[in-house]
$ cat protein.tsv   # TSV, C-alpha atoms
chain	number	residue	atom	x	y	z
A	1	MET	CA	10.30	13.79	-163.34
A	2	VAL	CA	10.46	16.23	-160.45
A	3	ARG	CA	13.62	17.37	-158.70
A	4	ALA	CA	13.06	18.23	-155.07
A	5	TYR	CA	15.42	19.22	-152.34
A	6	SER	CA	15.18	20.55	-148.83
A	7	GLN	CA	17.53	22.59	-146.70
A	8	GLU	CA	17.56	23.63	-143.09
A	9	HIS	CA	19.47	26.55	-141.62
A	10	THR	CA	19.69	27.91	-138.08
A	11	TYR	CA	19.99	31.66	-137.61
A	12	ALA	CA	21.60	32.71	-134.33
A	13	HIS	CA	19.00	35.45	-134.06
A	14	PRO	CA	15.54	35.56	-132.48
A	15	TRP	CA	12.47	34.81	-134.60
A	16	GLU	CA	11.27	38.44	-134.54
A	17	ARG	CA	14.56	39.68	-136.02
A	18	VAL	CA	14.75	36.95	-138.69
A	19	THR	CA	11.18	37.54	-139.86
A	20	SER	CA	11.78	41.31	-139.95
A	21	ALA	CA	14.86	40.65	-142.07
A	22	SER	CA	12.77	38.49	-144.40
A	23	TRP	CA	10.40	41.38	-145.05
A	24	ARG	CA	13.23	43.85	-145.64
A	25	LYS	CA	15.70	41.74	-147.64
A	26	PHE	CA	14.50	42.83	-151.10
A	27	ALA	CA	14.43	46.57	-150.28
A	28	ASP	CA	18.05	47.01	-149.22
A	29	PRO	CA	20.27	48.33	-152.07
A	30	GLU	CA	23.23	46.11	-151.08
A	31	ASN	CA	20.99	43.04	-151.20
A	32	LYS	CA	19.85	43.90	-154.72
A	33	ARG	CA	23.43	43.38	-155.87
A	34	ILE	CA	23.71	40.01	-154.13
A	35	LEU	CA	20.21	38.86	-155.18
A	36	SER	CA	20.67	39.97	-158.78
A	37	HIS	CA	18.29	37.25	-160.04
A	38	ILE	CA	15.43	39.18	-158.37
A	39	LEU	CA	14.28	41.97	-160.69
A	40	GLU	CA	11.21	43.35	-158.93
A	41	VAL	CA	9.04	42.71	-155.86
A	42	ASP	CA	5.59	44.24	-155.44
A	43	THR	CA	3.10	43.73	-152.61
A	44	LEU	CA	-0.27	42.87	-154.12
A	45	ASN	CA	-2.23	42.70	-150.88
A	46	HIS	CA	-1.96	42.20	-147.18
A	47	LYS	CA	-4.62	41.48	-144.61
A	48	LEU	CA	-4.55	41.13	-140.85
A	49	ASP	CA	-7.19	38.69	-139.66
A	50	SER	CA	-8.41	40.29	-136.44
A	51	SER	CA	-9.88	37.05	-135.07
A	52	SER	CA	-6.74	34.90	-135.50
A	53	GLY	CA	-4.12	37.67	-135.43
A	54	LYS	CA	-2.50	36.22	-138.55
A	55	LEU	CA	-1.05	38.42	-141.28
A	56	TYR	CA	-1.65	37.27	-144.86
A	57	THR	CA	0.43	38.83	-147.63
A	58	THR	CA	0.72	38.24	-151.37
A	59	ARG	CA	3.65	39.57	-153.37
A	60	ALA	CA	4.51	39.47	-157.08
A	61	ILE	CA	8.16	38.66	-157.72
A	62	THR	CA	9.83	39.01	-161.11
A	63	ILE	CA	13.06	37.07	-161.59
A	64	HIS	CA	15.47	36.15	-164.34
A	65	ALA	CA	14.04	32.98	-165.91
A	66	PRO	CA	15.52	29.85	-164.33
A	67	GLY	CA	17.40	27.25	-166.27
A	68	PRO	CA	20.30	27.14	-168.71
A	69	TRP	CA	20.75	29.99	-171.20
A	70	PHE	CA	19.92	27.83	-174.22
A	71	ILE	CA	16.49	27.00	-172.78
A	72	ARG	CA	15.77	30.72	-172.31
A	73	LYS	CA	16.73	31.22	-175.97
A	74	ILE	CA	14.43	28.41	-177.12
A	75	ILE	CA	11.42	29.69	-175.17
A	76	ARG	CA	12.32	33.32	-175.96
A	77	GLN	CA	11.75	34.43	-172.38
A	78	ASP	CA	14.29	35.95	-170.01
A	79	ILE	CA	12.00	36.72	-167.08
A	80	CYS	CA	9.63	34.71	-164.95
A	81	HIS	CA	6.77	36.00	-162.81
A	82	CYS	CA	6.11	34.38	-159.44
A	83	VAL	CA	3.59	34.77	-156.63
A	84	GLU	CA	4.65	34.56	-153.00
A	85	SER	CA	2.00	33.94	-150.33
A	86	THR	CA	3.01	34.54	-146.73
A	87	VAL	CA	1.25	33.75	-143.47
A	88	VAL	CA	2.68	35.17	-140.25
A	89	ASP	CA	1.30	33.93	-136.96
A	90	ALA	CA	2.94	36.13	-134.33
A	91	GLN	CA	1.12	34.33	-131.53
A	92	SER	CA	2.71	30.95	-132.36
A	93	ARG	CA	5.81	32.66	-133.81
A	94	SER	CA	5.63	31.05	-137.22
A	95	MET	CA	6.16	32.53	-140.68
A	96	GLN	CA	5.40	30.45	-143.77
A	97	LEU	CA	6.15	31.51	-147.33
A	98	SER	CA	5.07	29.68	-150.46
A	99	THR	CA	6.31	30.83	-153.87
A	100	ARG	CA	5.47	29.43	-157.29
A	101	ASN	CA	5.91	30.59	-160.85
A	102	ILE	CA	2.85	31.86	-162.73
A	103	SER	CA	4.59	32.39	-166.05
A	104	LEU	CA	6.50	29.80	-168.08
A	105	GLU	CA	4.15	27.19	-166.56
A	106	LYS	CA	4.03	25.19	-169.76
A	107	TYR	CA	7.83	24.80	-169.58
A	108	ILE	CA	8.70	24.66	-165.88
A	109	GLU	CA	6.97	24.38	-162.54
A	110	VAL	CA	8.81	25.62	-159.47
A	111	GLU	CA	7.43	25.68	-155.97
A	112	GLU	CA	9.37	26.83	-152.94
A	113	LYS	CA	8.17	26.66	-149.34
A	114	ILE	CA	10.02	28.34	-146.50
A	115	ARG	CA	9.14	28.23	-142.85
A	116	TYR	CA	10.70	30.22	-139.99
A	117	ASP	CA	10.13	28.99	-136.43
A	118	PRO	CA	11.90	29.44	-133.10
A	119	HIS	CA	14.60	26.78	-132.78
A	120	PRO	CA	13.47	24.06	-130.34
A	121	ASP	CA	16.86	24.05	-128.54
A	122	ASN	CA	16.99	27.81	-127.99
A	123	PRO	CA	13.61	29.35	-128.95
A	124	ASN	CA	14.32	32.85	-127.64
A	125	LEU	CA	17.65	33.33	-129.42
A	126	TRP	CA	17.70	31.08	-132.51
A	127	THR	CA	15.44	30.62	-135.52
A	128	VAL	CA	15.26	27.56	-137.73
A	129	CYS	CA	14.53	28.02	-141.43
A	130	LYS	CA	13.25	25.02	-143.37
A	131	GLN	CA	13.14	25.32	-147.15
A	132	GLU	CA	11.65	22.85	-149.62
A	133	THR	CA	11.86	23.35	-153.38
A	134	SER	CA	10.52	21.28	-156.25
A	135	ILE	CA	11.35	21.80	-159.93
A	136	ARG	CA	9.76	20.10	-162.90
A	137	ILE	CA	10.67	20.64	-166.54
A	138	LYS	CA	7.47	19.85	-168.42
A	139	PRO	CA	7.93	19.59	-172.19
A	140	LEU	CA	10.95	17.34	-171.84
A	141	SER	CA	9.23	14.70	-169.71
A	142	ALA	CA	9.34	12.34	-172.69
A	143	LEU	CA	13.10	12.88	-172.89
A	144	ALA	CA	13.74	11.93	-169.29
A	145	SER	CA	17.54	12.06	-169.31
A	146	MET	CA	17.62	15.55	-170.81
A	147	ALA	CA	14.88	16.74	-168.46
A	148	GLU	CA	16.82	15.37	-165.48
A	149	LYS	CA	19.97	17.23	-166.50
A	150	ILE	CA	18.09	20.51	-166.94
A	151	GLU	CA	16.23	20.02	-163.68
A	152	GLN	CA	19.56	19.39	-161.95
A	153	LYS	CA	21.00	22.60	-163.46
A	154	CYS	CA	17.95	24.44	-162.10
A	155	VAL	CA	18.41	22.84	-158.67
A	156	ASP	CA	22.07	23.89	-158.65
A	157	LYS	CA	21.08	27.47	-159.51
A	158	PHE	CA	18.31	27.54	-156.88
A	159	GLN	CA	20.70	26.21	-154.24
A	160	ALA	CA	23.26	28.90	-155.12
A	161	ASN	CA	20.53	31.54	-154.90
A	162	SER	CA	19.43	30.08	-151.54
A	163	ALA	CA	22.96	30.51	-150.23
A	164	LYS	CA	22.87	34.14	-151.37
A	165	GLY	CA	19.51	34.53	-149.63
A	166	ARG	CA	20.92	33.20	-146.35
A	167	GLU	CA	23.86	35.60	-146.69
A	168	VAL	CA	21.43	38.48	-147.15
A	169	MET	CA	19.29	37.34	-144.21
A	170	GLU	CA	22.36	37.14	-141.93
A	171	ARG	CA	23.43	40.63	-143.01
A	172	MET	CA	19.92	42.02	-142.44
A	173	CYS	CA	19.71	40.36	-139.00
A	174	LYS	CA	23.03	41.92	-137.97
A	175	TYR	CA	21.82	45.29	-139.26
A	176	LEU	CA	18.55	44.97	-137.30
A	177	GLU	CA	20.47	43.89	-134.20
A	178	ALA	CA	22.69	46.97	-134.43
A	179	GLU	CA	19.65	49.15	-135.14
A	180	SER	CA	17.89	47.82	-132.02
A	181	ARG	CA	20.95	48.74	-129.94
A	182	GLY	CA	20.96	52.26	-131.39
A	183	ILE	CA	24.12	51.69	-133.41
A	184	SER	CA	24.21	52.58	-137.09
A	185	ALA	CA	25.59	49.84	-139.25

$ encode --input "protein.tsv" --output "structure tokens"
Amino acid sequence: MVRAYSQEHTYAHPWERVTSASWRKFADPENKRILSHILEVDTLNHKLDSSSGKLYTTRAITIHAPGPWFIRKIIRQDICHCVESTVVDAQSRSMQLSTRNISLEKYIEVEEKIRYDPHPDNPNLWTVCKQETSIRIKPLSALASMAEKIEQKCVDKFQANSAKGREVMERMCKYLEAESRGISA
């Protein structure tokens, strides 16, 4: 069984500001408090393709292991390592992020895809963020009802963390807006 959900959010900020906020959200000390499930973020590589103008980036993200506390006790693992791949196409004004776990794979598979594009109704001032997440608890597939409950707990946690992420992005956008006007926030 796989739990999947999608969310869409409109930022009342231009695409350039929202994507800048996305890059900076993990570095800000205030955001580290809000995004306390994120333990560490490291850039593994980045490459600018001169022919297409696209920026490709890979980051390693270490988080608190998802799921209920008793599952973390059973698997004896409190952290989870993830890889985030990002493609930014400044020419078409699109930023796509794909994140998946690379540890705990025999217990859980999580994949998150986020896309930032100019909003079709107001492309110069608004940005639409589309997020899709899928979660699959693997060893409990035979025990479908238990797996479903754990997957739902994971979905609830991911949705709460997504709300925190949007809060951080809004804060970073306002900071960048003030910075662009020469006002310290």

$ residues_near_point --input "protein.tsv" --point "(-1.2, 34.6, -147.2)" --cutoff "7 Å" --atoms "only C-alpha atoms" --output "compact mmCIF listing (two decimals) with C-alpha atoms, keeping the file's coordinate frame"
# COMPACT_ATOMS: atom_id res chain seq x y z
CA TYR A 56 -1.65 37.27 -144.86
CA THR A 57 0.43 38.83 -147.63
CA THR A 58 0.72 38.24 -151.37
CA SER A 85 2.00 33.94 -150.33
CA THR A 86 3.01 34.54 -146.73
CA VAL A 87 1.25 33.75 -143.47

$ residues_around --input "protein.tsv" --residues "Gln91 in chain A" --least-positions-apart "4" --cutoff "9 Å" --atoms "all atoms listed in the file" --output "tab-separated table (two decimals) with C-alpha atoms, in the coordinates of the input"
chain	number	residue	atom	x	y	z
A	52	SER	CA	-6.74	34.90	-135.50
A	53	GLY	CA	-4.12	37.67	-135.43
A	54	LYS	CA	-2.50	36.22	-138.55

$ atom_distance --input "protein.tsv" --atom1 "CA of Arg17 in chain A" --atom2 "CA of Pro120 in chain A"
16.7 Å

$ closest_residue --input "protein.tsv" --among "A:Val2, A:Ala65, A:Cys173, A:Met95" --to "Lys157 in chain A" --atoms "only C-alpha atoms"
A:Ala65

$ closest_atom_pairs --input "protein.tsv" --of "range 55-116 of chain A" --to "range 3-16 of chain A" --cutoff "9 Å" --atoms "only C-alpha atoms" --output "JSON lines"
{"residue": "A:Ala90", "atom": "CA", "partner": "A:Glu16", "partner_atom": "CA", "distance": 8.6}
{"residue": "A:Arg93", "atom": "CA", "partner": "A:Trp15", "partner_atom": "CA", "distance": 7.0}
{"residue": "A:Ser94", "atom": "CA", "partner": "A:Trp15", "partner_atom": "CA", "distance": 8.2}
{"residue": "A:Tyr116", "atom": "CA", "partner": "A:Trp15", "partner_atom": "CA", "distance": 7.3}

$ atom_distance --input "protein.tsv" --atom1 "CA of Asp78 in chain A" --atom2 "CA of Glu167 in chain A"
25.2 Å

$ residues_near_point --input "protein.tsv" --point "(5.0, 24.3, -158.1)" --cutoff "8 Å" --atoms "all atoms listed in the file" --output "list in words"
Thr99, Arg100, Asn101, Glu109, Val110, Glu111, Glu112, Ser134, Ile135 and Arg136 of chain A

$ residues_around --input "protein.tsv" --residues "Val41 in chain A" --least-positions-apart "5" --cutoff "7 Å" --atoms "only C-alpha atoms" --output "PyMOL selection string"
chain A and resi 59-62

$ write_last_selection --input "protein.tsv" --atoms "C-alpha atoms" --output "PDB file, in the frame of the given file"
ATOM      1  CA  ARG A  59       3.650  39.570-153.370  1.00  0.00           C
ATOM      2  CA  ALA A  60       4.510  39.470-157.080  1.00  0.00           C
ATOM      3  CA  ILE A  61       8.160  38.660-157.720  1.00  0.00           C
ATOM      4  CA  THR A  62       9.830  39.010-161.110  1.00  0.00           C
TER       5      THR A  62
END

$ residues_around --input "protein.tsv" --residues "Lys164 in chain A" --least-positions-apart "3" --cutoff "8 Å" --atoms "only C-alpha atoms" --output "ChimeraX atom specification"
/A:34-35,160-161,167-168

$ closest_residue --input "protein.tsv" --among "A:Met169, A:Ile108, A:Cys82, A:Cys154" --to "Thr19 in chain A" --atoms "all atoms listed in the file"
A:Met169

$ closest_residue --input "protein.tsv" --among "A:Gln131, A:Lys149, A:Ser180, A:Leu44" --to "Ala163 in chain A" --atoms "all atoms listed in the file"
A:Gln131

$ closest_residue --input "protein.tsv" --among "A:Ser162, A:Val18, A:Ser98, A:Leu39" --to "Val128 in chain A" --atoms "all atoms listed in the file"
A:Val18
